[in-house]
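Structure data follow from entry_29.cif (mmCIF, C-alpha atoms and all ligand atoms):
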data_final
#
loop_
_atom_site.label_atom_id
_atom_site.label_comp_id
_atom_site.auth_asym_id
_atom_site.auth_seq_id
_atom_site.Cartn_x
_atom_site.Cartn_y
_atom_site.Cartn_z
CA MET A 439 -12.07 107.90 78.68
CA LYS A 440 -11.96 110.70 81.17
CA LYS A 441 -11.73 114.25 79.98
CA GLN A 442 -8.13 114.74 81.32
CA TYR A 443 -6.87 111.75 79.23
CA TYR A 444 -8.39 113.27 76.09
CA ILE A 445 -6.38 116.40 76.78
CA GLN A 446 -3.14 114.47 77.37
CA PHE A 447 -3.69 112.41 74.21
CA ALA A 448 -4.34 115.56 72.19
CA LEU A 449 -1.18 117.16 73.57
CA LEU A 450 0.89 114.09 72.60
CA ILE A 451 -0.47 114.23 69.04
CA VAL A 452 0.68 117.83 68.79
CA ILE A 453 4.00 117.64 70.70
CA VAL A 454 5.56 114.42 69.30
CA PRO A 455 5.47 115.40 65.61
CA PHE A 456 6.59 118.93 66.49
CA GLY A 457 9.51 117.47 68.47
CA LEU A 458 10.46 115.17 65.60
CA TYR A 459 10.20 118.06 63.17
CA SER A 460 12.45 120.27 65.35
CA PHE A 461 15.03 117.51 65.77
CA LYS A 462 15.11 117.04 61.99
CA THR A 463 15.50 120.79 61.52
CA ILE A 464 18.39 120.88 63.97
CA LEU A 465 20.03 117.96 62.19
CA SER A 466 19.77 119.58 58.81
CA ARG A 467 21.10 122.86 60.16
CA TRP A 468 24.01 120.94 61.61
CA GLU A 469 24.66 119.36 58.24
CA LYS A 470 24.34 122.71 56.53
CA ASN A 471 26.81 124.21 58.97
CA LEU A 472 29.22 121.40 58.28
CA GLU A 473 29.00 122.12 54.59
CA LEU A 474 29.35 125.83 55.22
CA GLY A 475 32.32 125.16 57.49
CA LYS A 476 34.07 123.22 54.76
CA LYS A 477 33.53 125.99 52.26
CA THR A 478 34.59 128.64 54.73
CA THR A 479 37.79 126.79 55.49
CA GLU A 480 38.61 126.15 51.90
CA GLN A 481 37.57 129.39 50.33
CA ASN A 482 37.49 132.32 52.62
CA TYR A 483 38.37 131.51 56.20
CA LEU A 484 41.76 133.12 55.72
CA ASN A 485 40.35 136.18 54.00
CA VAL A 486 37.57 137.10 56.40
CA PRO A 487 37.67 139.60 57.99
CA PHE A 488 40.80 140.55 56.07
CA HIS A 489 40.83 143.92 54.38
CA GLU A 490 43.55 145.14 52.12
CA PRO A 491 45.69 147.66 54.00
CA SER A 492 45.87 151.14 52.52
CA ASN A 493 49.57 151.48 53.29
CA PRO A 494 51.33 148.21 52.44
CA ASN A 495 54.78 149.41 53.47
CA THR A 496 54.81 149.02 57.24
CA PRO A 497 55.90 145.93 59.21
CA PHE A 498 52.25 145.25 60.11
CA THR A 499 50.86 145.63 56.61
CA ALA A 500 53.65 144.25 54.39
CA PRO A 501 52.16 142.01 51.68
CA GLU A 502 54.06 138.99 53.00
CA ASN A 503 51.80 139.16 56.10
CA TRP A 504 48.54 139.13 54.16
CA PRO A 505 46.43 135.99 54.50
CA THR A 506 45.68 136.18 50.78
CA LYS A 507 49.42 135.78 50.13
CA GLU A 508 49.72 132.60 52.17
CA ASN A 509 49.64 129.57 52.59
CA ARG A 510 49.89 125.85 52.19
CA ALA A 511 49.61 122.93 54.58
CA PRO A 512 52.85 121.49 56.02
CA LEU A 513 54.52 118.84 53.84
CA ASP A 514 56.89 115.97 54.43
CA ARG A 515 59.59 116.60 51.82
CA SER A 516 62.27 114.54 53.50
CA PRO A 517 64.42 112.18 51.42
CA LYS A 518 63.57 108.59 52.23
CA GLU A 519 67.20 107.45 52.24
CA PHE A 520 67.87 109.30 55.52
CA SER A 521 66.32 108.49 58.89
CA SER A 522 67.35 111.90 60.29
CA LYS A 523 64.75 114.60 59.73
CA VAL A 524 64.67 118.40 59.90
CA ILE A 525 61.43 119.97 61.08
CA THR A 526 60.93 123.66 60.37
CA LEU A 527 59.01 124.76 63.48
CA GLY A 528 59.22 128.46 62.70
CA THR A 529 60.09 130.05 59.35
CA GLY A 530 59.31 133.68 60.19
CA THR A 531 61.35 136.84 60.64
CA PRO A 532 60.92 139.82 63.00
CA THR A 533 58.19 141.05 60.62
CA PRO A 534 55.01 140.08 62.50
CA ASN A 535 53.61 137.59 60.02
CA PRO A 536 50.69 135.84 61.76
CA PHE A 537 51.18 132.70 59.66
CA ARG A 538 54.82 132.00 60.49
CA ASN A 539 56.37 131.34 63.89
CA GLY A 540 59.68 132.96 64.77
CA ALA A 541 62.92 131.20 63.77
CA ALA A 542 63.00 127.67 65.19
CA HIS A 543 63.99 124.23 63.90
CA ALA A 544 64.41 120.69 65.14
CA LEU A 545 66.75 118.01 63.87
CA VAL A 546 65.45 114.57 64.84
CA VAL A 547 68.04 111.81 64.98
CA ASN A 548 67.19 108.36 66.26
CA GLY A 549 63.88 109.73 67.55
CA TYR A 550 65.65 112.38 69.64
CA PRO A 551 65.33 116.15 68.98
CA TYR A 552 68.07 118.77 68.81
CA PHE A 553 66.66 122.29 68.59
CA VAL A 554 68.18 125.17 66.67
CA ASP A 555 66.97 128.68 67.55
CA CYS A 556 63.95 129.46 69.66
CA GLY A 557 61.83 132.23 68.21
CA GLU A 558 58.33 133.36 69.07
CA GLY A 559 55.86 130.46 68.92
CA TRP A 560 58.46 127.68 69.38
CA TRP A 561 56.25 125.84 71.86
CA ARG A 562 53.13 126.00 69.68
CA GLY A 563 55.20 125.03 66.64
CA LEU A 564 55.77 121.61 68.23
CA THR A 565 52.02 121.01 68.29
CA LYS A 566 51.59 122.09 64.71
CA ALA A 567 54.30 119.67 63.57
CA VAL A 568 52.91 116.81 65.69
CA GLN A 569 49.45 117.25 64.19
CA ALA A 570 50.61 117.87 60.63
CA GLN A 571 52.98 114.94 60.26
CA LYS A 572 51.68 111.41 60.49
CA ASP A 573 54.69 109.43 59.23
CA ILE A 574 57.03 110.36 62.05
CA ASP A 575 56.39 109.75 65.74
CA LEU A 576 56.74 113.33 66.94
CA ILE A 577 54.62 112.75 70.05
CA ASN A 578 57.38 110.56 71.44
CA THR A 579 60.16 112.63 69.90
CA PHE A 580 58.92 115.79 71.63
CA LYS A 581 58.03 114.19 74.98
CA PHE A 582 59.05 116.63 77.67
CA LYS A 583 62.01 114.58 78.91
CA ASN A 584 63.53 115.06 75.43
CA LEU A 585 63.25 118.86 75.34
CA LYS A 586 66.82 119.31 76.46
CA TYR A 587 69.31 120.60 73.88
CA MET A 588 69.02 123.99 72.21
CA PHE A 589 71.62 125.54 69.87
CA LEU A 590 71.31 129.27 69.22
CA THR A 591 72.84 130.68 66.04
CA HIS A 592 72.84 134.17 67.56
CA LEU A 593 71.20 136.14 70.32
CA HIS A 594 68.83 138.33 68.31
CA GLU A 595 65.42 138.53 69.91
CA ASP A 596 63.60 136.84 66.99
CA HIS A 597 65.73 133.70 67.57
CA THR A 598 65.56 133.64 71.36
CA VAL A 599 62.25 135.04 72.60
CA GLY A 600 60.80 131.51 72.88
CA LEU A 601 63.40 130.52 75.49
CA PRO A 602 61.17 131.24 78.50
CA SER A 603 58.67 128.78 76.97
CA PHE A 604 61.40 126.21 76.27
CA ILE A 605 62.56 126.42 79.88
CA ASN A 606 59.37 126.96 81.86
CA ASN A 607 56.45 125.43 79.97
CA PRO A 608 57.52 121.77 80.40
CA TYR A 609 57.91 122.47 84.13
CA LYS A 610 54.24 123.45 84.21
CA PHE A 611 53.53 119.82 83.34
CA HIS A 612 55.96 118.76 86.06
CA ASP A 613 58.52 117.38 83.73
CA GLY A 614 62.04 118.06 84.75
CA ALA A 615 64.53 117.57 81.92
CA ASP A 616 67.66 119.65 82.41
CA LYS A 617 68.07 122.22 79.67
CA LYS A 618 71.35 123.07 78.00
CA VAL A 619 71.35 126.07 75.69
CA TYR A 620 74.48 126.41 73.53
CA GLY A 621 75.15 129.75 71.91
CA PRO A 622 77.38 132.79 71.53
CA GLU A 623 79.01 134.63 74.38
CA GLY A 624 76.29 136.04 76.63
CA VAL A 625 73.99 133.02 76.41
CA ASP A 626 74.82 132.01 80.00
CA GLU A 627 73.74 135.43 81.25
CA MET A 628 70.64 135.35 79.07
CA ILE A 629 69.51 132.03 80.56
CA SER A 630 70.24 133.04 84.15
CA HIS A 631 68.31 136.29 83.60
CA ILE A 632 65.38 134.28 82.23
CA ASN A 633 65.52 131.99 85.26
CA ALA A 634 65.51 135.03 87.53
CA ALA A 635 62.76 136.83 85.62
CA TRP A 636 60.37 133.87 85.92
CA GLU A 637 61.33 133.03 89.51
CA ILE A 638 57.81 133.69 90.83
CA ASP A 639 56.34 131.29 88.29
CA ARG A 640 58.93 128.60 88.99
CA HIS A 641 58.44 128.90 92.71
CA ASP A 642 54.71 128.45 92.15
CA VAL A 643 55.33 125.28 90.14
CA THR A 644 57.86 123.72 92.49
CA GLN A 645 56.71 125.18 95.81
CA ALA A 646 60.26 124.69 96.91
CA ASP A 647 63.37 125.75 95.15
CA SER A 648 62.77 128.62 92.78
CA LYS A 649 66.22 128.18 91.24
CA ARG A 650 65.08 124.92 89.70
CA GLY A 651 62.19 123.63 87.68
CA ALA A 652 60.08 120.60 88.47
CA ASP A 653 61.99 117.57 89.79
CA GLY A 654 65.02 119.72 90.46
CA ALA A 655 65.76 120.36 86.80
CA THR A 656 68.09 123.15 85.78
CA ALA A 657 68.52 125.37 82.74
CA VAL A 658 71.98 126.65 81.85
CA GLY A 659 73.52 128.54 78.97
CA VAL A 660 76.77 127.21 77.51
CA PRO A 661 78.74 130.04 75.84
CA LEU A 662 80.97 129.15 72.88
CA SER A 663 83.60 131.74 73.51
CA GLU A 664 86.89 129.93 72.90
CA ASN A 665 88.34 130.92 69.54
CA ILE A 666 86.14 129.44 66.89
CA ASP A 667 87.78 130.28 63.57
CA ASN A 668 86.63 129.65 60.01
CA ASN A 669 87.67 126.00 60.28
CA GLY A 670 85.03 125.46 62.95
CA ARG A 671 85.21 123.58 66.21
CA LYS A 672 83.42 120.58 67.65
CA ILE A 673 81.17 121.83 70.47
CA PHE A 674 78.99 118.81 71.21
CA GLU A 675 78.86 115.06 70.77
CA ASP A 676 76.59 112.32 72.00
CA GLU A 677 75.48 108.92 70.68
CA ASN A 678 73.42 110.52 67.87
CA VAL A 679 75.24 113.60 66.59
CA ILE A 680 78.46 115.56 66.35
CA VAL A 681 77.91 119.33 66.29
CA GLU A 682 80.50 121.79 64.99
CA ALA A 683 80.18 125.58 65.17
CA PHE A 684 81.47 127.96 62.48
CA PRO A 685 81.48 131.77 62.63
CA THR A 686 79.09 133.63 60.32
CA LYS A 687 78.60 137.30 59.45
CA HIS A 688 75.42 139.02 60.58
CA GLY A 689 75.64 142.81 60.79
CA ALA A 690 77.31 144.23 63.84
CA LEU A 691 76.93 141.11 66.00
CA LYS A 692 80.31 139.96 67.24
CA HIS A 693 79.52 136.26 67.60
CA THR A 694 77.13 134.40 65.34
CA TYR A 695 77.38 130.73 64.34
CA ALA A 696 76.33 128.15 61.81
CA TYR A 697 75.95 124.63 63.21
CA ARG A 698 77.02 121.58 61.25
CA PHE A 699 75.39 118.39 62.50
CA THR A 700 76.78 115.03 61.50
CA CYS A 701 74.07 112.45 62.19
CA LYS A 702 75.65 109.19 63.30
CA PRO A 703 72.95 106.65 62.34
CA ASP A 704 72.75 107.63 58.65
CA GLY A 705 75.76 109.89 58.05
CA ARG A 706 73.54 112.79 56.97
CA ILE A 707 75.16 116.23 57.29
CA VAL A 708 72.74 119.04 58.07
CA VAL A 709 73.80 122.67 58.48
CA PHE A 710 71.78 125.45 60.06
CA GLY A 711 73.17 128.74 58.78
CA GLY A 712 71.18 131.10 60.99
CA ASP A 713 70.94 134.69 59.82
CA GLY A 714 73.69 136.41 57.88
CA THR A 715 75.28 137.28 54.60
CA TYR A 716 78.06 135.40 52.75
CA SER A 717 80.94 134.28 54.97
CA GLU A 718 83.86 131.90 54.69
CA GLY A 719 82.68 130.24 57.90
CA LEU A 720 79.28 129.45 56.36
CA VAL A 721 80.95 128.02 53.25
CA ASN A 722 83.18 125.79 55.38
CA ALA A 723 80.25 124.74 57.56
CA SER A 724 78.32 123.71 54.44
CA LYS A 725 81.17 121.85 52.64
CA ASP A 726 79.62 118.87 50.84
CA ALA A 727 76.72 118.86 53.30
CA ASP A 728 73.47 117.11 52.42
CA LEU A 729 71.30 120.03 53.52
CA LEU A 730 71.75 123.70 54.37
CA VAL A 731 68.85 125.41 56.15
CA VAL A 732 69.43 129.10 55.58
CA GLU A 733 67.83 132.51 55.27
CA GLY A 734 67.24 134.54 52.13
CA ILE A 735 66.12 138.02 51.15
CA THR A 736 64.94 139.62 47.93
CA ARG A 737 67.38 141.75 45.98
CA LYS A 738 65.01 142.48 43.10
CA ASN A 739 62.39 144.09 45.35
CA ILE A 740 64.57 145.42 48.14
CA LYS A 741 63.21 148.93 47.57
CA TYR A 742 59.96 147.73 49.22
CA ALA A 743 61.78 146.73 52.44
CA THR A 744 60.17 148.21 55.54
CA TRP A 745 63.57 149.06 57.06
CA GLY A 746 67.19 149.82 56.16
CA GLY A 747 66.96 153.44 55.01
CA GLU A 748 65.06 155.68 52.62
CA THR A 749 66.58 154.92 49.22
CA GLU A 750 67.18 151.60 47.48
CA GLU A 751 70.93 152.23 47.68
CA GLU A 752 70.78 152.72 51.45
CA LYS A 753 68.67 149.60 51.87
CA VAL A 754 71.04 147.46 49.83
CA LYS A 755 73.97 148.67 51.93
CA THR A 756 72.34 148.32 55.37
CA ILE A 757 70.41 145.11 54.73
CA GLY A 758 73.29 143.56 52.80
CA GLU A 759 75.39 143.63 55.99
CA TYR A 760 72.79 141.49 57.73
CA HIS A 761 71.14 139.20 55.21
CA MET A 762 71.65 136.87 52.27
CA PHE A 763 70.98 138.23 48.79
CA PRO A 764 70.43 135.61 46.07
CA ASN A 765 73.78 136.18 44.33
CA LEU A 766 75.60 135.63 47.63
CA LEU A 767 73.74 132.43 48.44
CA LYS A 768 74.79 131.28 44.97
CA ARG A 769 78.41 131.84 46.02
CA VAL A 770 77.88 129.77 49.17
CA TYR A 771 76.22 127.06 47.03
CA ASN A 772 79.05 127.02 44.47
CA GLU A 773 81.92 127.14 46.91
CA SER A 774 80.54 124.69 49.48
CA LYS A 775 79.00 122.26 46.98
CA VAL A 776 76.17 121.72 49.42
CA LYS A 777 73.66 119.32 47.87
CA ASN A 778 70.33 120.86 48.94
CA ILE A 779 69.14 124.14 50.36
CA VAL A 780 65.97 124.89 52.32
CA LEU A 781 65.03 128.56 52.62
CA VAL A 782 63.64 129.83 55.90
CA HIS A 783 63.46 133.33 57.44
CA VAL A 784 62.62 134.66 53.99
CA GLN A 785 62.19 138.40 53.58
CA ASN A 786 59.95 138.74 50.58
CA TYR A 787 59.37 142.48 50.34
CA ASN A 788 57.34 143.33 47.30
CA ASP A 789 54.80 145.41 45.46
CA PRO A 790 51.44 143.98 46.68
CA ASP A 791 50.06 143.82 43.16
CA LYS A 792 52.97 141.73 41.92
CA PHE A 793 53.51 139.68 45.06
CA ASP A 794 54.18 135.99 44.72
CA ARG A 795 55.12 134.10 47.84
CA HIS A 796 57.72 132.20 45.82
CA ASP A 797 59.43 135.34 44.55
CA VAL A 798 62.59 135.00 46.63
CA LEU A 799 62.80 131.31 45.79
CA HIS A 800 62.59 132.18 42.08
CA GLU A 801 65.32 134.80 42.46
CA MET A 802 67.54 132.11 43.95
CA ILE A 803 66.70 129.67 41.15
CA ASP A 804 67.35 132.39 38.56
CA GLU A 805 70.81 132.82 40.09
CA GLY A 806 71.45 129.16 39.27
CA ILE A 807 70.82 127.43 42.58
CA GLN A 808 69.20 124.18 41.54
CA ASN A 809 68.25 122.12 44.55
CA ILE A 810 66.40 124.63 46.65
CA LEU A 811 63.01 124.62 48.38
CA MET A 812 61.17 127.13 50.52
CA ALA A 813 59.81 125.96 53.88
CA GLU A 814 56.58 126.59 55.76
CA ASP A 815 56.07 125.93 59.46
CA GLY A 816 55.64 122.26 60.23
CA ASP A 817 57.41 120.92 57.11
CA ILE A 818 59.86 118.02 57.23
CA TYR A 819 63.08 117.91 55.18
ZN ZN A 901 66.41 136.64 62.41
ZN ZN A 902 69.36 138.03 63.33
#
Produce structure tokens that represent the structure in this file.
Amino acid sequence: MKKQYYIQFALLIVIVPFGLYSFKTILSRWEKNLELGKKTTEQNYLNVPFHEPSNPNTPFTAPENWPTKENRAPLDRSPKEFSSKVITLGTGTPTPNPFRNGAAHALVVNGYPYFVDCGEGWWRGLTKAVQAQKDIDLINTFKFKNLKYMFLTHLHEDHTVGLPSFINNPYKFHDGADKKVYGPEGVDEMISHINAAWEIDRHDVTQADSKRGADGATAVGVPLSENIDNNGRKIFEDENVIVEAFPTKHGALKHTYAYRFTCKPDGRIVVFGGDGTYSEGLVNASKDADLLVVEGITRKNIKYATWGGETEEEKVKTIGEYHMFPNLLKRVYNESKVKNIVLVHVQNYNDPDKFDRHDVLHEMIDEGIQNILMAEDGDIY
């Protein structure tokens, strides 16, 4: 054998085992990382790099926003006897909780979605629900052609700031369903302002008519301004649902509504109460309904609220004009005889040392409301 072959042979003897050894090392590191990843997810992903805020009484640092105070995976809690399903896309409030999207819900009837409120994160909430729920075909339900009907309970920012996404994001994928947004007086102006504000973007997508989205689709607001009294009024009907609007009471806002959906295929009656305190309209909307999706706020711990005044008395007065204390939800429950309640938009102000994320739910149960659950984003009811 020539000298150069000896050298090559010697090199092979050294390199091959070293290569095999390295490959094995990489593999075992990979496996170790997988193990570590599992542990990290289960045990401390949510807590790192979380540090306990020194002042827990600001909107940013309120205990309800802490990762250590959250969270569970989305659940399907829907009754099997109904084919119609409610999906809680966003259960948050204006408090910037990073684990809850802004107020947004979908009612799915016959595989078709009707959306109620459109808070921050609406668009991403669809993905979360699609990926979390395997027993319902949400991929088809939420196909872009179906993203058409939106019902706004009121025009507060935390219920409407997702509208530019609702209108413009499907156009980015060149899908042109017309959008109809039902809501209180002013919703038509809101939608036309949104269309105008994103005109540059829409022109870029369509390269033609900036007044429209892809395929010539339009987005319009439909204001519900004709006298809707406490007896409600039918505002929408198609082959799947009848929708009635009822006035509610939410602070100084002139027009706010609860929506009562009667689902035609299974007869289920689902009410979305929106924000607000006790009102006759909400009671009438919820009469003998199967499900009321409604907000709730702590009364026991209201002194920890990050807004509404300095003293507890001031907070009770100010916040009580806007939101639903447990004793008042009990009144709605008693008077309407609604069968089930799902709490969303929960304001769980509290002492961080005594915080329990079910506190508001327990206050409601202590008031005597029996069939009540608290929702997370991506749940089904
Ligand atoms: Zn709100
Ligand atoms: Zn509001």
Pairwise distance, atom ZN of ligand ZN 901 (chain A) with CA of Glu490 (chain A), equals 26.5 Å
For chain A versus ligand ZN 902 (chain A), which residues have an atom no more than 10 Å away, and what is each residue's nearest atom pair and distance in Å rounded to one decimal, using all atoms listed in the file, chain-then-number order, as a Markdown table?
| residue | atom | partner | partner_atom | distance |
| --- | --- | --- | --- | --- |
| A:Thr531 | CA | A:ZN902 | ZN | 8.5 |
| A:Pro532 | CA | A:ZN902 | ZN | 8.6 |
| A:Ala541 | CA | A:ZN902 | ZN | 9.4 |
| A:Thr591 | CA | A:ZN902 | ZN | 8.6 |
| A:His592 | CA | A:ZN902 | ZN | 6.7 |
| A:Leu593 | CA | A:ZN902 | ZN | 7.5 |
| A:His594 | CA | A:ZN902 | ZN | 5.0 |
| A:Glu595 | CA | A:ZN902 | ZN | 7.7 |
| A:Asp596 | CA | A:ZN902 | ZN | 6.9 |
| A:His597 | CA | A:ZN902 | ZN | 7.1 |
| A:Thr598 | CA | A:ZN902 | ZN | 9.9 |
| A:His688 | CA | A:ZN902 | ZN | 6.7 |
| A:Gly689 | CA | A:ZN902 | ZN | 8.3 |
| A:Leu691 | CA | A:ZN902 | ZN | 8.6 |
| A:Thr694 | CA | A:ZN902 | ZN | 8.8 |
| A:Gly712 | CA | A:ZN902 | ZN | 7.5 |
| A:Asp713 | CA | A:ZN902 | ZN | 5.1 |
| A:Gly714 | CA | A:ZN902 | ZN | 7.1 |
| A:Glu733 | CA | A:ZN902 | ZN | 9.9 |
| A:Tyr760 | CA | A:ZN902 | ZN | 7.4 |
| A:His761 | CA | A:ZN902 | ZN | 8.4 |
| A:His783 | CA | A:ZN902 | ZN | 9.6 |
Extract, using only C-alpha atoms, all DNA, RNA and protein residues at most 8 Å from region 605-620 of chain A, discarding same-chain residues fewer than 4 positions from it, and format them as a list in words. Phe582, Lys583, Asn584, Leu585, Lys586, Tyr587, Met588, Phe589, Leu590, Leu601, Val625, Ile629, Arg640, Val643, Gly651, Ala652, Asp653, Gly654, Ala655, Thr656, Ala657, Val658, Gly659, Val660, Pro661 and Leu662 of chain A
Residue neighbourhood Tyr742 (chain A), 6 Å, only C-alpha atoms, exclusion window fewer than 2 positions, as an MDAnalysis selection string: chainID A and resid 739:740 787:788
Pick from A:Ile735, A:Leu781, A:Leu545, A:Ile574: nearest to Asn765 (chain A), with all atoms listed in the file counted?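 For Asn765 (chain A), the nearest of the candidates is A:Ile735.
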Mind pulling up the distance from CA of Ile525 (chain A) to CA of Ala544 (chain A)?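 According to the coordinates, CA of Ala544 (chain A) and CA of Ile525 (chain A) are separated by 5.1 Å.
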Report, in Å to a single decimal, how far apart CA of Thr736 (chain A) and CA of Lys687 (chain A) are. 18.0 Å
Taking all atoms listed in the file into account, which of A:Arg706, A:Asn495, A:Thr565, A:Leu811 comes nearest Lys741 (chain A)?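 Going through A:Arg706, A:Asn495, A:Thr565, A:Leu811 one by one, the smallest distance to Lys741 (chain A) is for A:Asn495.
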From the list A:Arg671, A:Asp555, A:Ser522, A:Lys507, which residue is nearest Pro536 (chain A) when using all atoms listed in the file?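 Of the candidates, the smallest distance to Pro536 (chain A) is held by A:Lys507.
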Quick one: residues within 10 Å of Val547 (chain A), only C-alpha atoms counted, chain neighbours fewer than 5 positions away excluded, as an NGL selection string? :A and (520-524 or 552 or 579 or 677-679 or 700-704 or 706)
For ligand ZN 901 (chain A), which residue among A:Asn665, A:Asn493, A:Asp797, A:Val784 is the nearest when counting all atoms listed in the file? A:Val784
Find the residue from A:Gly530, A:Pro517, A:Gly806, A:Pro685 that sits nearest to ligand ZN 901 (chain A); use all atoms listed in the file when measuring. A:Gly530
Can you tell me which residues surround Asp514 (chain A) at a distance of at most 7 Å, considering all atoms listed in the file, apart from same-chain residues fewer than 4 positions away, and format the answer as a ChimeraX atom specification? /A:817-819
Nearest candidate to Val546 (chain A) (options A:Ser492, A:Asn722, A:Ser630, A:Asn578; using only C-alpha atoms): A:Asn578
